[in-house]
$ cat query18.cif   # mmCIF, C-alpha atoms and all ligand atoms
data_target
#
loop_
_atom_site.group_PDB
_atom_site.id
_atom_site.type_symbol
_atom_site.label_atom_id
_atom_site.label_comp_id
_atom_site.auth_asym_id
_atom_site.auth_seq_id
_atom_site.Cartn_x
_atom_site.Cartn_y
_atom_site.Cartn_z
ATOM 1 C CA MET A 1 -105.492 56.385 -74.925
ATOM 2 C CA THR A 2 -103.870 58.999 -77.069
ATOM 3 C CA LEU A 3 -100.596 58.710 -78.945
ATOM 4 C CA ALA A 4 -99.532 62.223 -77.890
ATOM 5 C CA ARG A 5 -97.103 62.353 -74.997
ATOM 6 C CA THR A 6 -94.794 64.656 -73.071
ATOM 7 C CA ILE A 7 -91.279 63.230 -73.039
ATOM 8 C CA LEU A 8 -88.062 64.970 -72.052
ATOM 9 C CA GLY A 9 -90.107 68.074 -71.262
ATOM 10 C CA ALA A 10 -91.450 68.357 -74.817
ATOM 11 C CA ASP A 11 -94.776 67.504 -76.425
ATOM 12 C CA PHE A 12 -94.616 64.766 -79.064
ATOM 13 C CA GLN A 13 -97.779 64.358 -81.146
ATOM 14 C CA ASN A 14 -97.032 60.620 -81.419
ATOM 15 C CA PRO A 15 -94.145 58.298 -80.481
ATOM 16 C CA ILE A 16 -92.800 57.663 -84.011
ATOM 17 C CA LEU A 17 -89.448 59.174 -84.967
ATOM 18 C CA LEU A 18 -87.248 58.626 -88.004
ATOM 19 C CA ALA A 19 -83.987 57.039 -86.835
ATOM 20 C CA ALA A 20 -80.637 58.812 -87.009
ATOM 21 C CA GLY A 21 -78.884 58.686 -90.339
ATOM 22 C CA THR A 22 -81.782 57.263 -92.301
ATOM 23 C CA ALA A 23 -83.628 60.526 -93.030
ATOM 24 C CA ALA A 24 -80.613 62.863 -93.293
ATOM 25 C CA PHE A 25 -81.855 66.304 -92.107
ATOM 26 C CA GLY A 26 -85.380 65.884 -93.453
ATOM 27 C CA ARG A 27 -84.871 68.173 -96.448
ATOM 28 C CA GLU A 28 -84.305 65.223 -98.793
ATOM 29 C CA LEU A 29 -87.723 63.858 -97.837
ATOM 30 C CA ASP A 30 -89.587 67.014 -98.808
ATOM 31 C CA GLY A 31 -92.339 66.017 -101.231
ATOM 32 C CA VAL A 32 -91.806 62.329 -100.388
ATOM 33 C CA MET A 33 -93.383 62.295 -96.945
ATOM 34 C CA GLU A 34 -95.183 64.647 -94.592
ATOM 35 C CA LEU A 35 -92.515 64.761 -91.924
ATOM 36 C CA ASP A 36 -94.529 67.121 -89.755
ATOM 37 C CA ARG A 37 -97.092 64.397 -89.007
ATOM 38 C CA LEU A 38 -94.506 62.283 -87.190
ATOM 39 C CA GLY A 39 -93.350 62.535 -83.603
ATOM 40 C CA GLY A 40 -90.033 63.749 -84.918
ATOM 41 C CA ILE A 41 -86.826 63.193 -86.794
ATOM 42 C CA VAL A 42 -83.441 62.235 -85.417
ATOM 43 C CA THR A 43 -80.887 63.871 -87.685
ATOM 44 C CA LYS A 44 -77.854 62.304 -89.255
ATOM 45 C CA ALA A 45 -74.820 62.401 -86.975
ATOM 46 C CA VAL A 46 -73.190 65.842 -86.883
ATOM 47 C CA SER A 47 -69.444 66.200 -86.348
ATOM 48 C CA LEU A 48 -67.397 69.364 -85.841
ATOM 49 C CA GLU A 49 -65.912 69.245 -89.344
ATOM 50 C CA PRO A 50 -67.611 68.103 -92.560
ATOM 51 C CA ARG A 51 -67.056 64.426 -93.418
ATOM 52 C CA SER A 52 -67.308 62.866 -96.837
ATOM 53 C CA GLY A 53 -67.785 59.341 -95.480
ATOM 54 C CA ASN A 54 -66.566 55.920 -96.556
ATOM 55 C CA ALA A 55 -65.808 54.446 -99.957
ATOM 56 C CA PRO A 56 -68.787 53.067 -101.948
ATOM 57 C CA PRO A 57 -70.664 50.779 -101.971
ATOM 58 C CA ARG A 58 -72.010 52.019 -98.646
ATOM 59 C CA VAL A 59 -75.052 49.805 -98.294
ATOM 60 C CA ALA A 60 -75.838 46.167 -99.069
ATOM 61 C CA GLU A 61 -78.994 44.163 -98.489
ATOM 62 C CA PHE A 62 -79.183 40.662 -97.093
ATOM 63 C CA ARG A 63 -82.030 38.394 -95.933
ATOM 64 C CA GLY A 64 -82.242 39.786 -92.399
ATOM 65 C CA GLY A 65 -81.911 43.455 -93.279
ATOM 66 C CA MET A 66 -79.152 45.771 -94.373
ATOM 67 C CA LEU A 67 -75.444 46.299 -93.881
ATOM 68 C CA ASN A 68 -74.197 49.899 -94.096
ATOM 69 C CA SER A 69 -71.012 51.822 -93.768
ATOM 70 C CA ILE A 70 -71.831 55.441 -94.469
ATOM 71 C CA GLY A 71 -68.876 56.627 -92.410
ATOM 72 C CA LEU A 72 -70.845 59.396 -90.719
ATOM 73 C CA ALA A 73 -70.852 61.618 -93.820
ATOM 74 C CA ASN A 74 -72.281 65.032 -92.840
ATOM 75 C CA PRO A 75 -71.844 68.734 -93.568
ATOM 76 C CA GLY A 76 -70.287 69.541 -90.154
ATOM 77 C CA VAL A 77 -71.558 72.131 -87.661
ATOM 78 C CA VAL A 78 -71.294 75.125 -90.017
ATOM 79 C CA GLY A 79 -73.335 73.509 -92.803
ATOM 80 C CA VAL A 80 -75.881 72.230 -90.300
ATOM 81 C CA LEU A 81 -76.263 75.674 -88.673
ATOM 82 C CA GLU A 82 -76.470 77.550 -91.949
ATOM 83 C CA VAL A 83 -78.607 75.197 -94.047
ATOM 84 C CA GLU A 84 -80.132 72.207 -92.262
ATOM 85 C CA LEU A 85 -81.430 73.672 -88.999
ATOM 86 C CA PRO A 86 -82.999 76.748 -90.694
ATOM 87 C CA TRP A 87 -84.785 74.381 -93.116
ATOM 88 C CA LEU A 88 -86.118 72.293 -90.237
ATOM 89 C CA ALA A 89 -87.221 75.439 -88.369
ATOM 90 C CA ARG A 90 -89.124 76.686 -91.423
ATOM 91 C CA ASN A 91 -90.739 73.370 -92.284
ATOM 92 C CA LEU A 92 -91.634 71.684 -89.008
ATOM 93 C CA GLN A 93 -94.370 72.995 -86.753
ATOM 94 C CA ARG A 94 -95.203 69.895 -84.720
ATOM 95 C CA ALA A 95 -92.559 67.230 -85.356
ATOM 96 C CA ARG A 96 -89.606 67.419 -82.975
ATOM 97 C CA VAL A 97 -85.922 67.502 -83.923
ATOM 98 C CA LEU A 98 -83.415 65.340 -82.065
ATOM 99 C CA LEU A 99 -79.898 66.167 -83.160
ATOM 100 C CA ASN A 100 -77.528 63.180 -83.374
ATOM 101 C CA VAL A 101 -73.947 64.107 -82.403
ATOM 102 C CA VAL A 102 -70.644 62.316 -83.081
ATOM 103 C CA GLY A 103 -67.108 62.943 -82.006
ATOM 104 C CA PHE A 104 -63.747 61.315 -82.520
ATOM 105 C CA GLU A 105 -62.319 62.333 -79.162
ATOM 106 C CA TRP A 106 -64.030 62.917 -75.804
ATOM 107 C CA GLY A 107 -64.241 66.694 -76.048
ATOM 108 C CA GLU A 108 -65.689 66.821 -79.552
ATOM 109 C CA TYR A 109 -69.266 65.965 -78.543
ATOM 110 C CA ALA A 110 -69.569 68.978 -76.239
ATOM 111 C CA ARG A 111 -67.910 71.230 -78.824
ATOM 112 C CA VAL A 112 -70.498 70.229 -81.446
ATOM 113 C CA ILE A 113 -73.323 70.965 -78.986
ATOM 114 C CA GLU A 114 -71.822 74.325 -77.985
ATOM 115 C CA ARG A 115 -71.787 75.411 -81.629
ATOM 116 C CA LEU A 116 -75.400 74.355 -82.298
ATOM 117 C CA ASP A 117 -77.143 75.117 -79.036
ATOM 118 C CA SER A 118 -78.361 78.576 -80.096
ATOM 119 C CA SER A 119 -80.734 76.954 -82.600
ATOM 120 C CA ALA A 120 -84.264 76.968 -81.164
ATOM 121 C CA VAL A 121 -85.432 74.082 -83.378
ATOM 122 C CA ILE A 122 -83.474 71.410 -81.440
ATOM 123 C CA THR A 123 -85.575 69.543 -78.851
ATOM 124 C CA ALA A 124 -82.817 67.240 -77.584
ATOM 125 C CA TYR A 125 -79.402 65.819 -78.440
ATOM 126 C CA GLU A 126 -78.663 62.165 -79.078
ATOM 127 C CA LEU A 127 -75.013 61.226 -78.575
ATOM 128 C CA ASN A 128 -73.903 58.508 -80.973
ATOM 129 C CA LEU A 129 -71.375 56.740 -78.760
ATOM 130 C CA SER A 130 -70.848 53.902 -81.245
ATOM 131 C CA CYS A 131 -67.983 55.779 -82.715
ATOM 132 C CA PRO A 132 -64.313 54.756 -82.531
ATOM 133 C CA ASN A 133 -62.149 56.765 -80.163
ATOM 134 C CA THR A 134 -59.333 57.436 -82.621
ATOM 135 C CA ALA A 135 -57.053 58.714 -79.840
ATOM 136 C CA HIS A 136 -57.521 55.474 -77.885
ATOM 137 C CA GLY A 137 -57.015 52.496 -80.140
ATOM 138 C CA GLY A 138 -60.373 52.814 -81.892
ATOM 139 C CA ILE A 139 -62.470 51.387 -79.042
ATOM 140 C CA GLU A 140 -66.045 52.686 -79.165
ATOM 141 C CA PHE A 141 -66.748 55.453 -76.649
ATOM 142 C CA GLY A 142 -69.907 53.638 -75.611
ATOM 143 C CA ALA A 143 -67.994 50.504 -74.618
ATOM 144 C CA GLU A 144 -66.209 52.056 -71.631
ATOM 145 C CA PRO A 145 -67.897 53.521 -68.554
ATOM 146 C CA GLU A 146 -65.210 56.184 -68.177
ATOM 147 C CA SER A 147 -65.664 57.642 -71.654
ATOM 148 C CA VAL A 148 -69.468 57.446 -71.427
ATOM 149 C CA ALA A 149 -69.441 59.311 -68.103
ATOM 150 C CA GLN A 150 -66.908 61.916 -69.267
ATOM 151 C CA ILE A 151 -68.625 62.664 -72.558
ATOM 152 C CA VAL A 152 -72.062 62.958 -70.959
ATOM 153 C CA ALA A 153 -70.730 65.161 -68.134
ATOM 154 C CA GLN A 154 -68.969 67.466 -70.607
ATOM 155 C CA CYS A 155 -72.116 67.770 -72.745
ATOM 156 C CA ARG A 156 -74.247 68.349 -69.644
ATOM 157 C CA LYS A 157 -72.142 71.421 -68.832
ATOM 158 C CA VAL A 158 -72.749 73.126 -72.177
ATOM 159 C CA THR A 159 -76.509 72.657 -72.702
ATOM 160 C CA LYS A 160 -79.758 72.737 -70.755
ATOM 161 C CA ARG A 161 -81.472 70.646 -73.416
ATOM 162 C CA PRO A 162 -82.160 66.954 -72.788
ATOM 163 C CA ILE A 163 -79.379 64.523 -73.711
ATOM 164 C CA ALA A 164 -79.947 60.940 -74.865
ATOM 165 C CA VAL A 165 -77.069 58.495 -75.253
ATOM 166 C CA LYS A 166 -77.278 55.974 -78.051
ATOM 167 C CA LEU A 167 -75.728 52.608 -77.248
ATOM 168 C CA SER A 168 -74.532 49.649 -79.249
ATOM 169 C CA PRO A 169 -76.270 46.286 -78.817
ATOM 170 C CA VAL A 170 -72.946 44.472 -78.328
ATOM 171 C CA LEU A 171 -72.328 45.749 -74.804
ATOM 172 C CA PRO A 172 -72.132 42.941 -72.240
ATOM 173 C CA ASP A 173 -74.239 45.000 -69.793
ATOM 174 C CA ILE A 174 -76.261 47.559 -71.741
ATOM 175 C CA ALA A 175 -78.445 48.447 -68.743
ATOM 176 C CA GLY A 176 -75.349 49.054 -66.622
ATOM 177 C CA MET A 177 -73.966 51.422 -69.269
ATOM 178 C CA ALA A 178 -77.302 53.244 -69.518
ATOM 179 C CA ILE A 179 -77.136 53.786 -65.751
ATOM 180 C CA VAL A 180 -73.573 55.143 -66.043
ATOM 181 C CA ALA A 181 -74.891 57.660 -68.599
ATOM 182 C CA ARG A 182 -77.898 58.559 -66.429
ATOM 183 C CA ASP A 183 -75.709 59.118 -63.387
ATOM 184 C CA ALA A 184 -73.426 61.397 -65.417
ATOM 185 C CA GLY A 185 -76.393 63.579 -66.388
ATOM 186 C CA ALA A 186 -78.107 61.961 -69.393
ATOM 187 C CA ASP A 187 -81.903 62.239 -69.568
ATOM 188 C CA ALA A 188 -82.540 59.275 -71.866
ATOM 189 C CA VAL A 189 -81.019 56.300 -73.636
ATOM 190 C CA THR A 190 -81.566 55.216 -77.233
ATOM 191 C CA VAL A 191 -81.241 51.493 -77.908
ATOM 192 C CA VAL A 192 -80.031 50.100 -80.189
ATOM 193 C CA ASN A 193 -77.499 51.214 -82.734
ATOM 194 C CA THR A 194 -76.446 48.840 -85.521
ATOM 195 C CA LEU A 195 -74.597 45.562 -84.878
ATOM 196 C CA PRO A 196 -71.122 45.183 -86.403
ATOM 197 C CA GLY A 197 -71.120 42.891 -89.442
ATOM 198 C CA TYR A 198 -69.302 41.810 -92.596
ATOM 199 C CA LEU A 199 -70.474 40.158 -95.805
ATOM 200 C CA GLU A 200 -68.604 39.183 -98.961
ATOM 201 C CA ARG A 201 -69.394 37.550 -102.272
ATOM 202 C CA GLY A 202 -66.758 35.412 -103.977
ATOM 203 C CA GLY A 203 -64.135 36.868 -101.654
ATOM 204 C CA THR A 204 -64.988 40.529 -102.338
ATOM 205 C CA PRO A 205 -66.556 42.519 -99.491
ATOM 206 C CA LEU A 206 -70.013 43.873 -100.261
ATOM 207 C CA LEU A 207 -69.101 47.236 -98.724
ATOM 208 C CA GLY A 208 -66.264 49.504 -99.819
ATOM 209 C CA ASN A 209 -65.243 49.801 -96.173
ATOM 210 C CA GLY A 210 -65.340 46.031 -95.606
ATOM 211 C CA ASN A 211 -67.226 45.900 -92.337
ATOM 212 C CA GLY A 212 -70.358 47.854 -91.500
ATOM 213 C CA GLY A 213 -73.434 48.018 -89.296
ATOM 214 C CA VAL A 214 -76.343 45.587 -89.457
ATOM 215 C CA SER A 215 -79.845 47.080 -89.296
ATOM 216 C CA GLY A 216 -83.390 46.043 -90.133
ATOM 217 C CA PRO A 217 -85.679 43.171 -89.038
ATOM 218 C CA VAL A 218 -82.894 41.074 -87.480
ATOM 219 C CA LEU A 219 -82.450 43.801 -84.829
ATOM 220 C CA LEU A 220 -86.017 43.710 -83.497
ATOM 221 C CA PRO A 221 -85.526 41.157 -80.702
ATOM 222 C CA VAL A 222 -82.160 42.695 -79.836
ATOM 223 C CA GLY A 223 -83.641 46.179 -79.375
ATOM 224 C CA VAL A 224 -86.685 44.938 -77.480
ATOM 225 C CA LEU A 225 -84.471 42.977 -75.055
ATOM 226 C CA ALA A 226 -82.168 45.981 -74.518
ATOM 227 C CA THR A 227 -85.242 48.125 -73.769
ATOM 228 C CA ARG A 228 -86.587 45.563 -71.289
ATOM 229 C CA ARG A 229 -83.228 45.212 -69.517
ATOM 230 C CA ILE A 230 -82.869 48.967 -69.076
ATOM 231 C CA ARG A 231 -86.493 49.334 -67.922
ATOM 232 C CA GLU A 232 -85.960 46.621 -65.268
ATOM 233 C CA ARG A 233 -82.876 48.291 -63.818
ATOM 234 C CA ALA A 234 -83.808 51.951 -64.333
ATOM 235 C CA PRO A 235 -87.608 52.204 -63.989
ATOM 236 C CA ASP A 236 -87.805 55.995 -64.488
ATOM 237 C CA PHE A 237 -85.193 56.489 -67.215
ATOM 238 C CA THR A 238 -86.563 57.565 -70.616
ATOM 239 C CA ILE A 239 -85.905 55.010 -73.372
ATOM 240 C CA ILE A 240 -86.078 55.526 -77.129
ATOM 241 C CA GLY A 241 -86.487 52.108 -78.773
ATOM 242 C CA VAL A 242 -84.870 51.501 -82.172
ATOM 243 C CA GLY A 243 -84.102 48.474 -84.278
ATOM 244 C CA GLY A 244 -85.998 46.345 -86.737
ATOM 245 C CA ILE A 245 -89.394 48.060 -86.621
ATOM 246 C CA THR A 246 -91.479 47.189 -89.690
ATOM 247 C CA ARG A 247 -94.997 46.820 -88.240
ATOM 248 C CA ALA A 248 -97.328 48.548 -85.777
ATOM 249 C CA ALA A 249 -97.042 45.445 -83.570
ATOM 250 C CA ASP A 250 -93.277 46.040 -83.366
ATOM 251 C CA VAL A 251 -93.863 49.596 -82.153
ATOM 252 C CA ALA A 252 -96.329 48.274 -79.566
ATOM 253 C CA GLN A 253 -93.726 45.739 -78.387
ATOM 254 C CA TYR A 254 -91.138 48.454 -77.802
ATOM 255 C CA LEU A 255 -93.695 50.575 -75.943
ATOM 256 C CA ARG A 256 -94.705 47.634 -73.748
ATOM 257 C CA ALA A 257 -91.028 46.864 -73.097
ATOM 258 C CA GLY A 258 -90.665 50.359 -71.661
ATOM 259 C CA ALA A 259 -89.821 52.740 -74.529
ATOM 260 C CA SER A 260 -91.528 56.154 -74.559
ATOM 261 C CA LEU A 261 -90.607 56.870 -78.170
ATOM 262 C CA VAL A 262 -89.497 54.631 -81.038
ATOM 263 C CA ALA A 263 -87.460 55.306 -84.154
ATOM 264 C CA ILE A 264 -87.720 53.665 -87.563
ATOM 265 C CA GLY A 265 -84.655 53.441 -89.783
ATOM 266 C CA THR A 266 -84.123 50.824 -92.481
ATOM 267 C CA ALA A 267 -87.823 50.117 -93.098
ATOM 268 C CA ALA A 268 -88.518 53.805 -93.764
ATOM 269 C CA LEU A 269 -85.498 54.028 -96.081
ATOM 270 C CA ALA A 270 -87.010 51.260 -98.189
ATOM 271 C CA ASP A 271 -90.559 52.648 -97.998
ATOM 272 C CA PRO A 272 -90.947 56.288 -96.862
ATOM 273 C CA ARG A 273 -94.724 55.831 -96.426
ATOM 274 C CA LEU A 274 -94.320 53.017 -93.894
ATOM 275 C CA PRO A 275 -94.097 55.233 -90.760
ATOM 276 C CA PHE A 276 -97.450 56.800 -91.692
ATOM 277 C CA ARG A 277 -99.123 53.424 -92.191
ATOM 278 C CA LEU A 278 -97.865 52.336 -88.775
ATOM 279 C CA LEU A 279 -99.121 55.583 -87.299
ATOM 280 C CA GLU A 280 -102.584 55.083 -88.782
ATOM 281 C CA GLU A 281 -102.700 51.532 -87.445
ATOM 282 C CA LEU A 282 -101.634 52.697 -84.004
ATOM 283 C CA GLU A 283 -104.231 55.477 -84.071
ATOM 284 C CA GLU A 284 -106.923 52.897 -84.845
ATOM 285 C CA THR A 285 -105.912 50.684 -81.941
ATOM 286 C CA HIS A 286 -104.985 53.403 -79.426
ATOM 287 C CA GLY A 287 -106.716 56.557 -80.676
HETATM 288 C C1 LIG B 301 -77.845 54.112 -93.544
HETATM 289 C C2 LIG B 301 -77.816 54.242 -92.047
HETATM 290 C C3 LIG B 301 -77.191 55.348 -91.453
HETATM 291 C C4 LIG B 301 -77.165 55.480 -90.064
HETATM 292 N N1 LIG B 301 -76.565 56.579 -89.496
HETATM 293 C C5 LIG B 301 -76.596 56.761 -88.145
HETATM 294 C C6 LIG B 301 -76.070 57.944 -87.552
HETATM 295 O O1 LIG B 301 -75.624 58.872 -88.235
HETATM 296 N N2 LIG B 301 -76.091 58.040 -86.185
HETATM 297 C C7 LIG B 301 -76.627 57.051 -85.387
HETATM 298 O O2 LIG B 301 -76.630 57.178 -84.163
HETATM 299 N N3 LIG B 301 -77.158 55.928 -85.937
HETATM 300 C C8 LIG B 301 -77.169 55.772 -87.284
HETATM 301 N N4 LIG B 301 -77.736 54.643 -87.844
HETATM 302 C C9 LIG B 301 -78.400 53.644 -86.986
HETATM 303 C C10 LIG B 301 -79.926 53.862 -86.960
HETATM 304 O O3 LIG B 301 -80.272 55.123 -86.409
HETATM 305 C C11 LIG B 301 -80.632 52.747 -86.155
HETATM 306 O O4 LIG B 301 -80.136 52.751 -84.827
HETATM 307 C C12 LIG B 301 -80.397 51.359 -86.753
HETATM 308 O O5 LIG B 301 -80.425 51.403 -88.165
HETATM 309 C C13 LIG B 301 -81.436 50.337 -86.253
HETATM 310 O O6 LIG B 301 -82.747 50.697 -86.651
HETATM 311 P P1 LIG B 301 -83.482 50.021 -87.947
HETATM 312 O O7 LIG B 301 -83.353 48.546 -87.793
HETATM 313 O O8 LIG B 301 -84.903 50.527 -87.876
HETATM 314 O O9 LIG B 301 -82.757 50.537 -89.147
HETATM 315 C C14 LIG B 301 -77.765 54.484 -89.246
HETATM 316 C C15 LIG B 301 -78.375 53.373 -89.849
HETATM 317 C C16 LIG B 301 -78.420 53.243 -91.218
HETATM 318 C C17 LIG B 301 -79.102 52.044 -91.824
#
$ encode --input "query18.cif" --output "structure tokens"
Amino acid sequence: MTLARTILGADFQNPILLAAGTAAFGRELDGVMELDRLGGIVTKAVSLEPRSGNAPPRVAEFRGGMLNSIGLANPGVVGVLEVELPWLARNLQRARVLLNVVGFEWGEYARVIERLDSSAVITAYELNLSCPNTAHGGIEFGAEPESVAQIVAQCRKVTKRPIAVKLSPVLPDIAGMAIVARDAGADAVTVVNTLPGYLERGGTPLLGNGNGGVSGPVLLPVGVLATRRIRERAPDFTIIGVGGITRAADVAQYLRAGASLVAIGTAALADPRLPFRLLEELEETHG
């Protein structure tokens, strides 16, 4: 068995991606890791306008993993088009680029895609739906079938590239929501995003923003279950498994649960060589 695979109409040399937001746009990792050996990179979330993000501290560690509140800091579509995508096009020959998109109202996702779609380096889009709908009381887009369906349908109209929706693990019926996205035109689902969390010490929150997203080892069983639930209900839908991967056995679990690709976030932030060690281990067992 080989690790190479054709997913979403594209060839991936192996199933290991770097998870959204944990590898920025790859440029920062130049000289630290050989990005082009991986299956691909999911970029940091891109919004229409640049965002400076939340107040520091933005990350805190705890026993089960990490708590973060980056606040979706990013250069916006212009900076991404002018600097980040050209860098990726020059530096990646084999690794694929999945572009993570955020919006703060329904229409913003499709507007971001429209602005970026001329770039040939993008293999697929990943819609980060764990983002508060500021025009609608701050409820996450991914929590309501209507907003999921509308956002996916609007994005579907403006691009021929594959679209993945990224869902939060706190949905009561994550498989049901994945099916809503599929029926509106999505090609894949990415599970899971971070879990909401809060930590304080002596009454002072550990994060400048107060609450944040939990990632790391504690998410492994959550992500594997979400993958299994979606695979049971939607046997042919492409799943990208994310959450808590630190070992080759974790990757294998996601693949057995039904994921076609996996993404590593927190563990690769702590140790940029880890994805390559997992890859070598997988090559030994599967290669
Ligand atoms: C610092 C940090 C930034 C993140 N930024 C994004 C983001 O921009 N878009 C997104 O969809 N997910 C983002 N995530 C979530 C990760 O892509 C991933 O779903 C989550 O961390 C679980 O994987 P892990 O346990 O391997 O870290 C971020 C996570 C972390 C830790």
$ resolve_selection --input "query18.cif" --expression "the PyMOL selection byres (((chain A and resi 7) around 10) and not hetatm)" --output "list of chain:residue names"
A:Ala4, A:Arg5, A:Thr6, A:Leu8, A:Gly9, A:Ala10, A:Asp11, A:Phe12, A:Pro15, A:Pro162, A:Ala188, A:Thr238, A:Ile239, A:Ser260, A:Leu261
$ residues_around --input "query18.cif" --residues "Ala19 in chain A" --least-positions-apart "6" --cutoff "7 Å" --atoms "only C-alpha atoms" --output "ChimeraX atom specification"
/A:41-42,263-265
$ residues_around --input "query18.cif" --residues "range 116-129 of chain A" --least-positions-apart "5" --cutoff "8 Å" --atoms "only C-alpha atoms" --output "PyMOL selection string"
chain A and resi 8+10+42+45+77+81+85+88-89+96-102+109+140-142+148+159+161-168+190
$ residues_around --input "query18.cif" --residues "Ala252 in chain A" --least-positions-apart "3" --cutoff "12 Å" --atoms "only C-alpha atoms" --output "list in words"
Leu3, Pro15, Ile16, Leu220, Val224, Gly241, Ile245, Thr246, Arg247, Ala248, Ala249, Leu255, Arg256, Ala257, Gly258, Ala259, Ser260, Leu261, Val262, Leu278, Leu279, Glu281, Leu282, Glu283, Thr285 and His286 of chain A
$ atom_distance --input "query18.cif" --atom1 "CA of Asn211 in chain A" --atom2 "CA of Leu171 in chain A"
18.3 Å
$ residues_around --input "query18.cif" --residues "Asn74 in chain A" --least-positions-apart "2" --cutoff "12 Å" --atoms "all atoms listed in the file" --output "PDB file with C-alpha atoms, in the coordinates of the input"
ATOM      1  CA  ALA A  20     -80.637  58.812 -87.009  1.00  0.00           C
ATOM      2  CA  GLY A  21     -78.884  58.686 -90.339  1.00  0.00           C
ATOM      3  CA  ALA A  24     -80.613  62.863 -93.293  1.00  0.00           C
ATOM      4  CA  PHE A  25     -81.855  66.304 -92.107  1.00  0.00           C
ATOM      5  CA  THR A  43     -80.887  63.871 -87.685  1.00  0.00           C
ATOM      6  CA  LYS A  44     -77.854  62.304 -89.255  1.00  0.00           C
ATOM      7  CA  ALA A  45     -74.820  62.401 -86.975  1.00  0.00           C
ATOM      8  CA  VAL A  46     -73.190  65.842 -86.883  1.00  0.00           C
ATOM      9  CA  SER A  47     -69.444  66.200 -86.348  1.00  0.00           C
ATOM     10  CA  LEU A  48     -67.397  69.364 -85.841  1.00  0.00           C
ATOM     11  CA  GLU A  49     -65.912  69.245 -89.344  1.00  0.00           C
ATOM     12  CA  PRO A  50     -67.611  68.103 -92.560  1.00  0.00           C
ATOM     13  CA  ARG A  51     -67.056  64.426 -93.418  1.00  0.00           C
ATOM     14  CA  SER A  52     -67.308  62.866 -96.837  1.00  0.00           C
ATOM     15  CA  GLY A  53     -67.785  59.341 -95.480  1.00  0.00           C
ATOM     16  CA  ASN A  54     -66.566  55.920 -96.556  1.00  0.00           C
ATOM     17  CA  ILE A  70     -71.831  55.441 -94.469  1.00  0.00           C
ATOM     18  CA  GLY A  71     -68.876  56.627 -92.410  1.00  0.00           C
ATOM     19  CA  LEU A  72     -70.845  59.396 -90.719  1.00  0.00           C
ATOM     20  CA  GLY A  76     -70.287  69.541 -90.154  1.00  0.00           C
ATOM     21  CA  VAL A  77     -71.558  72.131 -87.661  1.00  0.00           C
ATOM     22  CA  VAL A  78     -71.294  75.125 -90.017  1.00  0.00           C
ATOM     23  CA  GLY A  79     -73.335  73.509 -92.803  1.00  0.00           C
ATOM     24  CA  VAL A  80     -75.881  72.230 -90.300  1.00  0.00           C
ATOM     25  CA  GLU A  84     -80.132  72.207 -92.262  1.00  0.00           C
ATOM     26  CA  ASN A 100     -77.528  63.180 -83.374  1.00  0.00           C
ATOM     27  CA  VAL A 101     -73.947  64.107 -82.403  1.00  0.00           C
ATOM     28  CA  VAL A 102     -70.644  62.316 -83.081  1.00  0.00           C
TER      29      VAL A 102
END
$ closest_residue --input "query18.cif" --among "A:Ala178, A:Leu38, A:Ala153, A:Ala23" --to "ligand LIG 301 (chain B)" --atoms "only C-alpha atoms and all ligand atoms"
A:Ala23
$ closest_residue --input "query18.cif" --among "A:Asn209, A:Ser130, A:Gln154, A:Gln13" --to "ligand LIG 301 (chain B)" --atoms "only C-alpha atoms and all ligand atoms"
A:Ser130
$ resolve_selection --input "query18.cif" --expression "the PyMOL selection byres (((chain A and resi 218) around 7) and not hetatm)" --output "mmCIF file with C-alpha atoms, in the coordinates of the input"
data_model
loop_
_atom_site.group_PDB
_atom_site.id
_atom_site.type_symbol
_atom_site.label_atom_id
_atom_site.label_comp_id
_atom_site.auth_asym_id
_atom_site.auth_seq_id
_atom_site.Cartn_x
_atom_site.Cartn_y
_atom_site.Cartn_z
ATOM 1 C CA GLY A 64 -82.242 39.786 -92.399
ATOM 2 C CA GLY A 65 -81.911 43.455 -93.279
ATOM 3 C CA SER A 215 -79.845 47.080 -89.296
ATOM 4 C CA GLY A 216 -83.390 46.043 -90.133
ATOM 5 C CA PRO A 217 -85.679 43.171 -89.038
ATOM 6 C CA LEU A 219 -82.450 43.801 -84.829
ATOM 7 C CA LEU A 220 -86.017 43.710 -83.497
ATOM 8 C CA GLY A 244 -85.998 46.345 -86.737
#
$ resolve_selection --input "query18.cif" --expression "the PyMOL selection byres (((chain A and resi 194) around 10) and not hetatm)" --output "ChimeraX atom specification"
/A:66-68,130,167-170,191-193,195-197,212-216,219,223,242-244
$ atom_distance --input "query18.cif" --atom1 "atom C3 of ligand LIG 301 (chain B)" --atom2 "CA of Thr22 in chain A"
5.0 Å
$ atom_distance --input "query18.cif" --atom1 "CA of Arg182 in chain A" --atom2 "atom C16 of ligand LIG 301 (chain B)"
25.4 Å
$ axis_aligned_box --input "query18.cif" --around "range 128-141 of chain A" --padding-each-side "8 Å" --output "JSON"
{"center_x": -65.5, "center_y": 55.1, "center_z": -79.7, "size_x": 32.9, "size_y": 23.3, "size_z": 22.1}
$ closest_residue --input "query18.cif" --among "A:Val59, A:Arg201, A:Gly107, A:Phe237" --to "ligand LIG 301 (chain B)" --atoms "all atoms listed in the file"
A:Val59
$ residues_near_point --input "query18.cif" --point "(-66.4, 49.8, -99.7)" --cutoff "6 Å" --atoms "all atoms listed in the file" --output "ChimeraX atom specification"
/A:55-57,207-210
$ closest_residue --input "query18.cif" --among "A:Glu108, A:Glu200, A:Asp36, A:Asp271" --to "ligand LIG 301 (chain B)" --atoms "only C-alpha atoms and all ligand atoms"
A:Asp271
